[in-house]
Every structure is written in C-alpha cells, then in structure tokens.
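Heads up, model.txt below (compact mmCIF, N, CA and C atoms):
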# COMPACT_ATOMS: atom_id res chain seq x y z
N MET A 1 106.41 36.90 107.06
CA MET A 1 105.06 36.74 107.53
C MET A 1 104.19 37.80 106.86
N GLU A 2 103.02 37.38 106.42
CA GLU A 2 102.03 38.29 105.86
C GLU A 2 100.76 38.17 106.67
N ILE A 3 100.18 39.32 106.99
CA ILE A 3 98.94 39.34 107.75
C ILE A 3 97.89 40.04 106.90
N TYR A 4 96.76 39.41 106.73
CA TYR A 4 95.66 39.98 105.96
C TYR A 4 94.47 40.18 106.87
N GLY A 5 93.68 41.16 106.57
CA GLY A 5 92.49 41.40 107.35
C GLY A 5 91.48 42.22 106.57
N LYS A 6 90.27 42.22 107.03
CA LYS A 6 89.22 43.00 106.41
C LYS A 6 88.42 43.67 107.52
N ILE A 7 88.27 44.98 107.41
CA ILE A 7 87.46 45.70 108.38
C ILE A 7 86.04 45.76 107.84
N ALA A 8 85.14 45.13 108.55
CA ALA A 8 83.75 45.04 108.08
C ALA A 8 82.92 46.23 108.56
N GLY A 9 83.42 46.96 109.50
CA GLY A 9 82.70 48.11 110.01
C GLY A 9 83.17 48.45 111.41
N ILE A 10 82.87 49.64 111.83
CA ILE A 10 83.24 50.08 113.17
C ILE A 10 81.96 50.47 113.89
N ARG A 11 81.81 50.00 115.10
CA ARG A 11 80.67 50.38 115.93
C ARG A 11 81.21 51.14 117.12
N TYR A 12 80.56 52.23 117.44
CA TYR A 12 81.02 53.05 118.53
C TYR A 12 79.84 53.74 119.19
N LYS A 13 80.06 54.18 120.42
CA LYS A 13 79.04 54.96 121.13
C LYS A 13 79.77 56.14 121.78
N PRO A 14 79.68 57.31 121.17
CA PRO A 14 80.36 58.48 121.75
C PRO A 14 79.65 58.95 123.02
N PHE A 15 80.43 59.41 123.99
CA PHE A 15 79.88 59.83 125.27
C PHE A 15 80.07 61.32 125.59
N LEU A 16 81.13 61.92 125.14
CA LEU A 16 81.48 63.27 125.58
C LEU A 16 81.36 64.32 124.49
N CYS A 17 80.38 64.20 123.64
CA CYS A 17 80.20 65.16 122.55
C CYS A 17 79.68 66.50 123.09
N GLU A 18 80.13 67.56 122.46
CA GLU A 18 79.64 68.90 122.80
C GLU A 18 78.25 69.11 122.20
N ASN A 19 77.47 70.00 122.79
CA ASN A 19 76.22 70.42 122.19
C ASN A 19 76.56 71.37 121.06
N LEU A 20 76.15 71.04 119.86
CA LEU A 20 76.54 71.82 118.69
C LEU A 20 75.52 72.91 118.37
N GLU A 21 76.04 74.05 117.98
CA GLU A 21 75.20 75.17 117.56
C GLU A 21 74.52 74.82 116.25
N GLU A 22 73.26 75.22 116.09
CA GLU A 22 72.55 75.02 114.83
C GLU A 22 72.60 76.29 114.01
N CYS A 23 72.89 76.14 112.72
CA CYS A 23 72.95 77.27 111.80
C CYS A 23 72.17 76.96 110.54
N ASP A 24 71.54 77.96 110.00
CA ASP A 24 70.84 77.83 108.73
C ASP A 24 71.85 77.87 107.59
N ILE A 25 71.54 77.20 106.49
CA ILE A 25 72.48 77.15 105.36
C ILE A 25 72.79 78.53 104.80
N SER A 26 71.90 79.49 104.99
CA SER A 26 72.16 80.85 104.51
C SER A 26 73.31 81.50 105.29
N ARG A 27 73.64 80.95 106.46
CA ARG A 27 74.72 81.49 107.29
C ARG A 27 75.93 80.54 107.31
N LEU A 28 76.11 79.77 106.25
CA LEU A 28 77.18 78.78 106.19
C LEU A 28 78.56 79.40 106.38
N GLU A 29 78.84 80.48 105.69
CA GLU A 29 80.17 81.10 105.78
C GLU A 29 80.47 81.55 107.21
N ARG A 30 79.51 82.18 107.86
CA ARG A 30 79.71 82.61 109.25
C ARG A 30 79.94 81.42 110.17
N ALA A 31 79.16 80.35 109.96
CA ALA A 31 79.30 79.16 110.79
C ALA A 31 80.67 78.51 110.62
N LEU A 32 81.15 78.44 109.38
CA LEU A 32 82.47 77.86 109.13
C LEU A 32 83.58 78.67 109.78
N ASN A 33 83.43 79.98 109.80
CA ASN A 33 84.46 80.84 110.38
C ASN A 33 84.41 80.87 111.90
N ALA A 34 83.24 80.61 112.47
CA ALA A 34 83.08 80.74 113.92
C ALA A 34 83.17 79.43 114.69
N ASN A 35 82.88 78.31 114.03
CA ASN A 35 82.76 77.04 114.75
C ASN A 35 83.62 75.94 114.12
N GLY A 36 84.17 75.10 114.97
CA GLY A 36 84.90 73.94 114.48
C GLY A 36 83.95 72.83 114.06
N SER A 37 82.80 72.78 114.70
CA SER A 37 81.76 71.82 114.32
C SER A 37 80.41 72.42 114.68
N PHE A 38 79.39 72.06 113.91
CA PHE A 38 78.06 72.64 114.10
C PHE A 38 77.05 71.80 113.32
N ILE A 39 75.77 72.07 113.57
CA ILE A 39 74.68 71.43 112.83
C ILE A 39 74.19 72.44 111.79
N LEU A 40 74.18 72.03 110.53
CA LEU A 40 73.73 72.89 109.44
C LEU A 40 72.33 72.45 109.02
N LYS A 41 71.37 73.35 109.15
CA LYS A 41 70.00 73.06 108.71
C LYS A 41 69.90 73.40 107.23
N THR A 42 69.76 72.38 106.39
CA THR A 42 69.72 72.61 104.95
C THR A 42 68.33 73.00 104.47
N ASP A 43 67.31 72.56 105.17
CA ASP A 43 65.93 72.98 104.92
C ASP A 43 65.13 72.71 106.20
N LYS A 44 63.81 72.78 106.13
CA LYS A 44 63.00 72.65 107.35
C LYS A 44 63.08 71.26 107.98
N ARG A 45 63.39 70.23 107.18
CA ARG A 45 63.40 68.86 107.70
C ARG A 45 64.78 68.23 107.81
N ASN A 46 65.77 68.74 107.10
CA ASN A 46 67.07 68.07 107.02
C ASN A 46 68.19 68.89 107.64
N SER A 47 69.07 68.17 108.33
CA SER A 47 70.23 68.79 108.95
C SER A 47 71.45 67.89 108.74
N ILE A 48 72.63 68.50 108.78
CA ILE A 48 73.90 67.79 108.61
C ILE A 48 74.83 68.26 109.72
N ALA A 49 75.53 67.32 110.34
CA ALA A 49 76.56 67.69 111.31
C ALA A 49 77.86 67.92 110.53
N ILE A 50 78.44 69.10 110.70
CA ILE A 50 79.62 69.47 109.93
C ILE A 50 80.78 69.78 110.88
N SER A 51 81.96 69.26 110.53
CA SER A 51 83.19 69.64 111.21
C SER A 51 84.14 70.14 110.15
N ARG A 52 85.07 71.00 110.57
CA ARG A 52 86.03 71.52 109.60
C ARG A 52 87.45 71.40 110.15
N TRP A 53 88.37 71.23 109.25
CA TRP A 53 89.79 71.16 109.59
C TRP A 53 90.43 72.47 109.15
N VAL A 54 91.44 72.94 109.86
CA VAL A 54 92.16 74.13 109.43
C VAL A 54 93.43 73.76 108.66
N SER A 55 93.82 72.50 108.76
CA SER A 55 94.99 72.00 108.06
C SER A 55 94.71 70.55 107.69
N PRO A 56 95.23 70.07 106.57
CA PRO A 56 95.01 68.67 106.22
C PRO A 56 95.82 67.71 107.10
N LYS A 57 96.78 68.24 107.84
CA LYS A 57 97.61 67.39 108.69
C LYS A 57 96.87 67.09 109.99
N LYS A 58 96.85 65.82 110.36
CA LYS A 58 96.08 65.37 111.51
C LYS A 58 96.68 65.80 112.84
N THR A 59 97.98 66.05 112.90
CA THR A 59 98.63 66.31 114.18
C THR A 59 98.84 67.78 114.48
N ARG A 60 98.57 68.66 113.54
CA ARG A 60 98.89 70.07 113.75
C ARG A 60 97.79 70.86 114.47
N SER A 61 96.55 70.56 114.20
CA SER A 61 95.48 71.38 114.77
C SER A 61 94.42 70.57 115.50
N TYR A 62 94.69 69.31 115.78
CA TYR A 62 93.78 68.44 116.53
C TYR A 62 92.36 68.41 115.99
N PRO A 63 92.19 68.05 114.72
CA PRO A 63 90.85 68.08 114.12
C PRO A 63 89.93 66.97 114.63
N TYR A 64 90.49 65.90 115.21
CA TYR A 64 89.64 64.80 115.62
C TYR A 64 88.67 65.21 116.73
N ALA A 65 89.00 66.19 117.53
CA ALA A 65 88.06 66.67 118.56
C ALA A 65 86.82 67.26 117.90
N ARG A 66 87.01 68.00 116.82
CA ARG A 66 85.88 68.59 116.11
C ARG A 66 85.03 67.51 115.45
N VAL A 67 85.71 66.53 114.86
CA VAL A 67 85.00 65.41 114.23
C VAL A 67 84.23 64.62 115.29
N TYR A 68 84.88 64.35 116.43
CA TYR A 68 84.24 63.58 117.50
C TYR A 68 82.93 64.22 117.95
N ASP A 69 82.92 65.53 118.04
CA ASP A 69 81.70 66.22 118.50
C ASP A 69 80.51 65.98 117.58
N THR A 70 80.74 65.62 116.33
CA THR A 70 79.63 65.36 115.41
C THR A 70 79.14 63.91 115.48
N LEU A 71 79.88 63.04 116.14
CA LEU A 71 79.52 61.62 116.14
C LEU A 71 78.22 61.31 116.88
N CYS A 72 77.80 62.16 117.80
CA CYS A 72 76.53 61.95 118.50
C CYS A 72 75.32 62.25 117.63
N PHE A 73 75.53 62.97 116.55
CA PHE A 73 74.43 63.33 115.64
C PHE A 73 73.99 62.07 114.90
N SER A 74 72.69 61.85 114.81
CA SER A 74 72.18 60.62 114.21
C SER A 74 72.06 60.68 112.69
N GLY A 75 72.13 61.86 112.13
CA GLY A 75 72.00 62.02 110.67
C GLY A 75 73.35 61.98 109.97
N ARG A 76 73.36 62.58 108.80
CA ARG A 76 74.58 62.60 107.98
C ARG A 76 75.64 63.50 108.61
N LYS A 77 76.88 63.02 108.57
CA LYS A 77 78.01 63.74 109.13
C LYS A 77 79.01 64.03 108.01
N VAL A 78 79.52 65.26 107.98
CA VAL A 78 80.44 65.70 106.94
C VAL A 78 81.61 66.40 107.61
N THR A 79 82.81 66.16 107.10
CA THR A 79 83.95 66.96 107.53
C THR A 79 84.56 67.63 106.31
N ILE A 80 85.00 68.86 106.48
CA ILE A 80 85.58 69.63 105.38
C ILE A 80 87.08 69.75 105.66
N ILE A 81 87.88 69.27 104.71
CA ILE A 81 89.33 69.24 104.89
C ILE A 81 89.99 69.99 103.74
N PRO A 82 90.90 70.92 104.04
CA PRO A 82 91.63 71.56 102.96
C PRO A 82 92.58 70.56 102.30
N VAL A 83 92.68 70.61 100.99
CA VAL A 83 93.51 69.65 100.26
C VAL A 83 94.99 69.86 100.56
N PHE A 84 95.40 71.12 100.74
CA PHE A 84 96.76 71.41 101.18
C PHE A 84 96.81 72.78 101.82
N LYS A 85 97.90 73.01 102.54
CA LYS A 85 98.14 74.30 103.18
C LYS A 85 99.63 74.58 103.04
N ASP A 86 99.97 75.54 102.22
CA ASP A 86 101.37 75.86 101.92
C ASP A 86 101.71 77.20 102.55
N GLU A 87 102.69 77.19 103.43
CA GLU A 87 103.09 78.41 104.13
C GLU A 87 104.42 78.97 103.63
N GLY A 88 104.75 78.69 102.37
CA GLY A 88 105.93 79.29 101.76
C GLY A 88 107.18 78.44 101.85
N ALA A 89 108.27 78.98 101.30
CA ALA A 89 109.53 78.24 101.17
C ALA A 89 110.11 77.81 102.52
N VAL A 90 109.99 78.63 103.54
CA VAL A 90 110.53 78.25 104.85
C VAL A 90 109.42 77.84 105.83
N GLY A 91 108.20 77.78 105.34
CA GLY A 91 107.07 77.39 106.18
C GLY A 91 106.74 75.91 106.02
N ASP A 92 105.60 75.55 106.53
CA ASP A 92 105.15 74.16 106.47
C ASP A 92 104.32 73.92 105.22
N LEU A 93 104.47 72.75 104.66
CA LEU A 93 103.63 72.31 103.55
C LEU A 93 102.85 71.09 104.04
N ASP A 94 101.58 71.27 104.27
CA ASP A 94 100.72 70.18 104.73
C ASP A 94 99.81 69.79 103.58
N PHE A 95 99.64 68.49 103.37
CA PHE A 95 98.74 68.03 102.32
C PHE A 95 97.95 66.83 102.81
N LEU A 96 96.82 66.61 102.20
CA LEU A 96 95.89 65.57 102.60
C LEU A 96 96.46 64.19 102.30
N GLN A 97 96.38 63.29 103.26
CA GLN A 97 96.87 61.92 103.12
C GLN A 97 95.67 60.98 102.90
N TRP A 98 95.90 59.90 102.18
CA TRP A 98 94.82 58.96 101.86
C TRP A 98 94.24 58.33 103.12
N ASP A 99 95.06 58.09 104.14
CA ASP A 99 94.56 57.41 105.33
C ASP A 99 93.59 58.29 106.13
N THR A 100 93.68 59.59 105.96
CA THR A 100 92.73 60.49 106.62
C THR A 100 91.33 60.26 106.05
N ILE A 101 91.23 60.21 104.75
CA ILE A 101 89.94 59.97 104.10
C ILE A 101 89.43 58.57 104.44
N SER A 102 90.34 57.61 104.48
CA SER A 102 89.97 56.24 104.81
C SER A 102 89.37 56.15 106.22
N LEU A 103 90.00 56.80 107.18
CA LEU A 103 89.48 56.77 108.55
C LEU A 103 88.11 57.43 108.64
N MET A 104 87.95 58.57 107.99
CA MET A 104 86.65 59.24 108.01
C MET A 104 85.58 58.34 107.40
N SER A 105 85.93 57.65 106.34
CA SER A 105 85.00 56.73 105.69
C SER A 105 84.61 55.59 106.64
N LEU A 106 85.56 55.05 107.36
CA LEU A 106 85.27 53.98 108.31
C LEU A 106 84.32 54.46 109.42
N LEU A 107 84.42 55.72 109.78
CA LEU A 107 83.55 56.27 110.81
C LEU A 107 82.20 56.71 110.27
N GLY A 108 82.00 56.59 108.96
CA GLY A 108 80.73 56.98 108.35
C GLY A 108 80.60 58.47 108.14
N ILE A 109 81.73 59.14 107.99
CA ILE A 109 81.75 60.59 107.81
C ILE A 109 82.13 60.91 106.37
N TYR A 110 81.28 61.67 105.70
CA TYR A 110 81.59 62.10 104.35
C TYR A 110 82.67 63.17 104.39
N VAL A 111 83.52 63.19 103.38
CA VAL A 111 84.61 64.17 103.32
C VAL A 111 84.39 65.09 102.12
N ILE A 112 84.46 66.38 102.38
CA ILE A 112 84.50 67.38 101.30
C ILE A 112 85.92 67.92 101.29
N VAL A 113 86.63 67.66 100.20
CA VAL A 113 87.98 68.19 100.04
C VAL A 113 87.83 69.58 99.44
N ALA A 114 88.26 70.58 100.18
CA ALA A 114 88.05 71.97 99.77
C ALA A 114 89.37 72.72 99.72
N TYR A 115 89.28 74.00 99.42
CA TYR A 115 90.46 74.85 99.39
C TYR A 115 90.10 76.21 99.98
N TYR A 116 91.13 76.92 100.42
CA TYR A 116 90.94 78.27 100.94
C TYR A 116 90.98 79.26 99.79
N ASN A 117 90.06 80.21 99.79
CA ASN A 117 90.15 81.26 98.78
C ASN A 117 90.68 82.56 99.36
N SER A 118 90.94 82.58 100.67
CA SER A 118 91.62 83.73 101.28
C SER A 118 92.21 83.32 102.62
N ALA A 119 93.26 84.04 103.01
CA ALA A 119 93.92 83.82 104.30
C ALA A 119 94.82 85.02 104.58
N VAL A 120 95.22 85.15 105.83
CA VAL A 120 96.14 86.20 106.24
C VAL A 120 97.48 85.55 106.54
N VAL A 121 98.55 86.13 105.99
CA VAL A 121 99.89 85.60 106.23
C VAL A 121 100.53 86.39 107.36
N LYS A 122 101.01 85.66 108.37
CA LYS A 122 101.68 86.30 109.51
C LYS A 122 103.06 85.68 109.67
N LYS A 123 104.04 86.52 109.98
CA LYS A 123 105.40 86.04 110.19
C LYS A 123 105.58 85.66 111.66
N ARG A 124 106.14 84.47 111.87
CA ARG A 124 106.41 84.01 113.23
C ARG A 124 107.79 84.48 113.67
N LYS A 125 108.07 84.31 114.95
CA LYS A 125 109.37 84.71 115.51
C LYS A 125 110.53 83.88 114.94
N ASN A 126 110.26 82.63 114.58
CA ASN A 126 111.32 81.75 114.08
C ASN A 126 111.61 81.97 112.59
N GLY A 127 111.02 82.98 111.98
CA GLY A 127 111.27 83.29 110.58
C GLY A 127 110.31 82.61 109.62
N LYS A 128 109.54 81.67 110.11
CA LYS A 128 108.56 80.99 109.27
C LYS A 128 107.32 81.87 109.14
N PHE A 129 106.49 81.52 108.17
CA PHE A 129 105.22 82.21 107.98
C PHE A 129 104.09 81.28 108.38
N ALA A 130 103.00 81.86 108.81
CA ALA A 130 101.82 81.08 109.18
C ALA A 130 100.60 81.68 108.50
N LEU A 131 99.68 80.81 108.12
CA LEU A 131 98.41 81.27 107.57
C LEU A 131 97.38 81.29 108.69
N THR A 132 96.67 82.39 108.79
CA THR A 132 95.60 82.50 109.77
C THR A 132 94.36 83.05 109.07
N GLU A 133 93.25 82.99 109.76
CA GLU A 133 91.98 83.50 109.24
C GLU A 133 91.65 82.94 107.85
N GLN A 134 91.94 81.65 107.67
CA GLN A 134 91.64 81.01 106.39
C GLN A 134 90.13 80.96 106.17
N LYS A 135 89.73 81.15 104.93
CA LYS A 135 88.31 81.10 104.57
C LYS A 135 88.13 80.12 103.42
N PHE A 136 87.26 79.14 103.63
CA PHE A 136 86.95 78.18 102.58
C PHE A 136 86.11 78.82 101.49
N ASP A 137 86.17 78.26 100.32
CA ASP A 137 85.29 78.67 99.22
C ASP A 137 83.92 78.05 99.49
N THR A 138 82.99 78.84 100.02
CA THR A 138 81.69 78.29 100.41
C THR A 138 80.82 77.92 99.22
N CYS A 139 81.05 78.52 98.06
CA CYS A 139 80.30 78.11 96.87
C CYS A 139 80.60 76.65 96.52
N LEU A 140 81.86 76.27 96.62
CA LEU A 140 82.26 74.87 96.37
C LEU A 140 81.62 73.95 97.40
N ILE A 141 81.66 74.33 98.65
CA ILE A 141 81.12 73.49 99.72
C ILE A 141 79.61 73.31 99.55
N ARG A 142 78.91 74.38 99.24
CA ARG A 142 77.46 74.29 99.04
C ARG A 142 77.12 73.32 97.90
N ALA A 143 77.95 73.27 96.88
CA ALA A 143 77.69 72.38 95.75
C ALA A 143 77.70 70.91 96.16
N PHE A 144 78.45 70.58 97.22
CA PHE A 144 78.52 69.19 97.69
C PHE A 144 77.51 68.86 98.76
N LEU A 145 76.89 69.86 99.33
CA LEU A 145 75.89 69.60 100.38
C LEU A 145 74.58 69.32 99.73
Translate this file's structure into structure tokens.
Amino acid sequence: MEIYGKIAGIRYKPFLCENLEECDISRLERALNANGSFILKTDKRNSIAISRWVSPKKTRSYPYARVYDTLCFSGRKVTIIPVFKDEGAVGDLDFLQWDTISLMSLLGIYVIVAYYNSAVVKKRKNGKFALTEQKFDTCLIRAFL
C-alpha cells in the first residue's frame, strides 16, 4: 500500500504564549544569552520574534516551547538552531535533521542555521562532557536578519 498526500498549509491559533521581552538589535548578543525567545526591534518600525535552540536535537532541550511563544507574534518569526553540538568522544553528538527545518517551514518560521563560537565544557558525574554557556556567532546571525 502506498499513501500520498500534500500539505497545503497549517492554520493554528496559539493561546498560551508568554509575553516576550523586547530588545533592540544593538543588544542582540545579550538577548540571545538571556532569553529563549524575545522580540527583536530591528529599527523604529520593524520587529522580529526570535527563538533560539541550545541543541539541534528536538528532544534534549525542549525547544518547541520557545518556538511556541513566538507564534502569537503577527510579524516575521525566526528560530536560530545550531547545526551541530559535539560533546566529545564519550559525549553526545547532536546534529540538525531535515524534518526540523521542514516543520519550522510549515509553521511559517524562518530558520537561521548557526554555530557556537564559544562554550564552556563541564564534566558530568557519568564521565561524559557537557557544553554549557554556548554563545552563537552574532555577526553571522545579524547577516541573516
């Protein structure tokens, strides 16, 4: 049996979105480090709802909650996803999957695939390593906004 289908669009009405903090584009780095989602004012008239992921894996850090909070915004919505997160030979290797980008596209959310230019490595009790305090390359992100 073969089943074919075409998704023509998704319509939704979010109800439980958080009130997002507004930040000026000059404070982009601070906003990315402090908030999972926020409104970025690019100039006096334009704003973008931004969410960020700490890992490209959908199940590790619950990024959909951050994305959901931007859905109430009526303007352009962007999510920033790291292309991969490698925690060493005995750690986790997370990488971006095509279906993640596909879902964001269906929801009308633009995706910026970014990378970390710094992070702190911490050793866990189980012998694995974890990356914390990751910082995106904000010059790259600004180029796409």
Checklist entry - Using only N, CA and C atoms, which residues sit within 5 Å of range 35-41 of chain A once same-chain residues fewer than 3 positions away are excluded, as a PyMOL selection string? => result chain A and resi 20-25+31-32+46-52
Checklist entry - A:Phe136, A:Tyr12, A:Tyr64, A:Ser26: which is nearest Thr42 in chain A, counting only N, CA and C atoms? => result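 Under the stated criterion, the closest residue is A:Ser26.
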Item to check | Length of the atom C of Phe129 in chain A to CA of Ile112 in chain A vector [Å] | outcome: 25.0 Å
Checklist entry - Mind pulling up the distance from CA of Ile80 in chain A to CA of Ile10 in chain A? => result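 One can read the CA of Ile10 in chain A to CA of Ile80 in chain A distance as 21.2 Å.
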Next on the checklist: Using all atoms listed in the file, can you tell me which of A:Ala65, A:Glu2, A:Arg11, A:Ile141 comes closest to Leu107 in chain A?
Outcome noted: A:Arg11
Checklist outcome for this item: From the list A:Lys128, A:Asp137, A:Ala143, A:Asp99, the nearest residue to Glu29 in chain A using only C-alpha atoms is A:Asp137
Item to check | Sel. of alpha helix (DSSP H) residues, range 35-83 of chain A, as a list in words | outcome: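 The residues of range 35-83 of chain A classed as alpha helix (DSSP H) are Pro63, Tyr64, Ala65, Arg66, Val67, Tyr68, Asp69 and Thr70 of chain A.
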Next on the checklist: So the first atom is CA of Val83 in chain A and the second is CA of Leu96 in chain A; what is the distance between them in Å, to one decimal place?
Outcome noted: 5.3 Å
Next on the checklist: Using DSSP assignments from the backbone, pull out every residue in chain A that falls under strand (DSSP E or B) and give it to me as a PyMOL selection string.
Outcome noted: chain A and resi 22-24+37-41+47-52+77-82+84-86+93-95+109-114+116-123+129-136
Output file for the selection above: N, CA and C atoms, as a compact mmCIF listing (two decimals), keeping the file's coordinate frame:
# COMPACT_ATOMS: atom_id res chain seq x y z
N GLU A 22 73.26 75.22 116.09
CA GLU A 22 72.55 75.02 114.83
C GLU A 22 72.60 76.29 114.01
N CYS A 23 72.89 76.14 112.72
CA CYS A 23 72.95 77.27 111.80
C CYS A 23 72.17 76.96 110.54
N ASP A 24 71.54 77.96 110.00
CA ASP A 24 70.84 77.83 108.73
C ASP A 24 71.85 77.87 107.59
N SER A 37 82.80 72.78 114.70
CA SER A 37 81.76 71.82 114.32
C SER A 37 80.41 72.42 114.68
N PHE A 38 79.39 72.06 113.91
CA PHE A 38 78.06 72.64 114.10
C PHE A 38 77.05 71.80 113.32
N ILE A 39 75.77 72.07 113.57
CA ILE A 39 74.68 71.43 112.83
C ILE A 39 74.19 72.44 111.79
N LEU A 40 74.18 72.03 110.53
CA LEU A 40 73.73 72.89 109.44
C LEU A 40 72.33 72.45 109.02
N LYS A 41 71.37 73.35 109.15
CA LYS A 41 70.00 73.06 108.71
C LYS A 41 69.90 73.40 107.23
N SER A 47 69.07 68.17 108.33
CA SER A 47 70.23 68.79 108.95
C SER A 47 71.45 67.89 108.74
N ILE A 48 72.63 68.50 108.78
CA ILE A 48 73.90 67.79 108.61
C ILE A 48 74.83 68.26 109.72
N ALA A 49 75.53 67.32 110.34
CA ALA A 49 76.56 67.69 111.31
C ALA A 49 77.86 67.92 110.53
N ILE A 50 78.44 69.10 110.70
CA ILE A 50 79.62 69.47 109.93
C ILE A 50 80.78 69.78 110.88
N SER A 51 81.96 69.26 110.53
CA SER A 51 83.19 69.64 111.21
C SER A 51 84.14 70.14 110.15
N ARG A 52 85.07 71.00 110.57
CA ARG A 52 86.03 71.52 109.60
C ARG A 52 87.45 71.40 110.15
N LYS A 77 76.88 63.02 108.57
CA LYS A 77 78.01 63.74 109.13
C LYS A 77 79.01 64.03 108.01
N VAL A 78 79.52 65.26 107.98
CA VAL A 78 80.44 65.70 106.94
C VAL A 78 81.61 66.40 107.61
N THR A 79 82.81 66.16 107.10
CA THR A 79 83.95 66.96 107.53
C THR A 79 84.56 67.63 106.31
N ILE A 80 85.00 68.86 106.48
CA ILE A 80 85.58 69.63 105.38
C ILE A 80 87.08 69.75 105.66
N ILE A 81 87.88 69.27 104.71
CA ILE A 81 89.33 69.24 104.89
C ILE A 81 89.99 69.99 103.74
N PRO A 82 90.90 70.92 104.04
CA PRO A 82 91.63 71.56 102.96
C PRO A 82 92.58 70.56 102.30
N PHE A 84 95.40 71.12 100.74
CA PHE A 84 96.76 71.41 101.18
C PHE A 84 96.81 72.78 101.82
N LYS A 85 97.90 73.01 102.54
CA LYS A 85 98.14 74.30 103.18
C LYS A 85 99.63 74.58 103.04
N ASP A 86 99.97 75.54 102.22
CA ASP A 86 101.37 75.86 101.92
C ASP A 86 101.71 77.20 102.55
N LEU A 93 104.47 72.75 104.66
CA LEU A 93 103.63 72.31 103.55
C LEU A 93 102.85 71.09 104.04
N ASP A 94 101.58 71.27 104.27
CA ASP A 94 100.72 70.18 104.73
C ASP A 94 99.81 69.79 103.58
N PHE A 95 99.64 68.49 103.37
CA PHE A 95 98.74 68.03 102.32
C PHE A 95 97.95 66.83 102.81
N ILE A 109 81.73 59.14 107.99
CA ILE A 109 81.75 60.59 107.81
C ILE A 109 82.13 60.91 106.37
N TYR A 110 81.28 61.67 105.70
CA TYR A 110 81.59 62.10 104.35
C TYR A 110 82.67 63.17 104.39
N VAL A 111 83.52 63.19 103.38
CA VAL A 111 84.61 64.17 103.32
C VAL A 111 84.39 65.09 102.12
N ILE A 112 84.46 66.38 102.38
CA ILE A 112 84.50 67.38 101.30
C ILE A 112 85.92 67.92 101.29
N VAL A 113 86.63 67.66 100.20
CA VAL A 113 87.98 68.19 100.04
C VAL A 113 87.83 69.58 99.44
N ALA A 114 88.26 70.58 100.18
CA ALA A 114 88.05 71.97 99.77
C ALA A 114 89.37 72.72 99.72
N TYR A 116 91.13 76.92 100.42
CA TYR A 116 90.94 78.27 100.94
C TYR A 116 90.98 79.26 99.79
N ASN A 117 90.06 80.21 99.79
CA ASN A 117 90.15 81.26 98.78
C ASN A 117 90.68 82.56 99.36
N SER A 118 90.94 82.58 100.67
CA SER A 118 91.62 83.73 101.28
C SER A 118 92.21 83.32 102.62
N ALA A 119 93.26 84.04 103.01
CA ALA A 119 93.92 83.82 104.30
C ALA A 119 94.82 85.02 104.58
N VAL A 120 95.22 85.15 105.83
CA VAL A 120 96.14 86.20 106.24
C VAL A 120 97.48 85.55 106.54
N VAL A 121 98.55 86.13 105.99
CA VAL A 121 99.89 85.60 106.23
C VAL A 121 100.53 86.39 107.36
N LYS A 122 101.01 85.66 108.37
CA LYS A 122 101.68 86.30 109.51
C LYS A 122 103.06 85.68 109.67
N LYS A 123 104.04 86.52 109.98
CA LYS A 123 105.40 86.04 110.19
C LYS A 123 105.58 85.66 111.66
N PHE A 129 106.49 81.52 108.17
CA PHE A 129 105.22 82.21 107.98
C PHE A 129 104.09 81.28 108.38
N ALA A 130 103.00 81.86 108.81
CA ALA A 130 101.82 81.08 109.18
C ALA A 130 100.60 81.68 108.50
N LEU A 131 99.68 80.81 108.12
CA LEU A 131 98.41 81.27 107.57
C LEU A 131 97.38 81.29 108.69
N THR A 132 96.67 82.39 108.79
CA THR A 132 95.60 82.50 109.77
C THR A 132 94.36 83.05 109.07
N GLU A 133 93.25 82.99 109.76
CA GLU A 133 91.98 83.50 109.24
C GLU A 133 91.65 82.94 107.85
N GLN A 134 91.94 81.65 107.67
CA GLN A 134 91.64 81.01 106.39
C GLN A 134 90.13 80.96 106.17
N LYS A 135 89.73 81.15 104.93
CA LYS A 135 88.31 81.10 104.57
C LYS A 135 88.13 80.12 103.42
N PHE A 136 87.26 79.14 103.63
CA PHE A 136 86.95 78.18 102.58
C PHE A 136 86.11 78.82 101.49
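Using only N, CA and C atoms, every residue with an atom at most 6 Å from the point (89.5, 84.9, 106.7) is listed here: Ser118, Ala119, Val120, Thr132, Glu133, Gln134 and Lys135 of chain A.
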Just write the chosen residues, N, CA and C atoms, as a short mmCIF file (atom, residue, chain, number, x, y, z; two decimals), in the frame of the given file.
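Listing of out-v3.cif after writing:
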data_model
loop_
_atom_site.label_atom_id
_atom_site.label_comp_id
_atom_site.auth_asym_id
_atom_site.auth_seq_id
_atom_site.Cartn_x
_atom_site.Cartn_y
_atom_site.Cartn_z
N SER A 118 90.94 82.58 100.67
CA SER A 118 91.62 83.73 101.28
C SER A 118 92.21 83.32 102.62
N ALA A 119 93.26 84.04 103.01
CA ALA A 119 93.92 83.82 104.30
C ALA A 119 94.82 85.02 104.58
N VAL A 120 95.22 85.15 105.83
CA VAL A 120 96.14 86.20 106.24
C VAL A 120 97.48 85.55 106.54
N THR A 132 96.67 82.39 108.79
CA THR A 132 95.60 82.50 109.77
C THR A 132 94.36 83.05 109.07
N GLU A 133 93.25 82.99 109.76
CA GLU A 133 91.98 83.50 109.24
C GLU A 133 91.65 82.94 107.85
N GLN A 134 91.94 81.65 107.67
CA GLN A 134 91.64 81.01 106.39
C GLN A 134 90.13 80.96 106.17
N LYS A 135 89.73 81.15 104.93
CA LYS A 135 88.31 81.10 104.57
C LYS A 135 88.13 80.12 103.42
#
Checklist entry - Taking only N, CA and C atoms into account, which of A:Cys139, A:Thr100, A:Ile7, A:Val111 comes nearest Lys77 in chain A? => result A:Val111
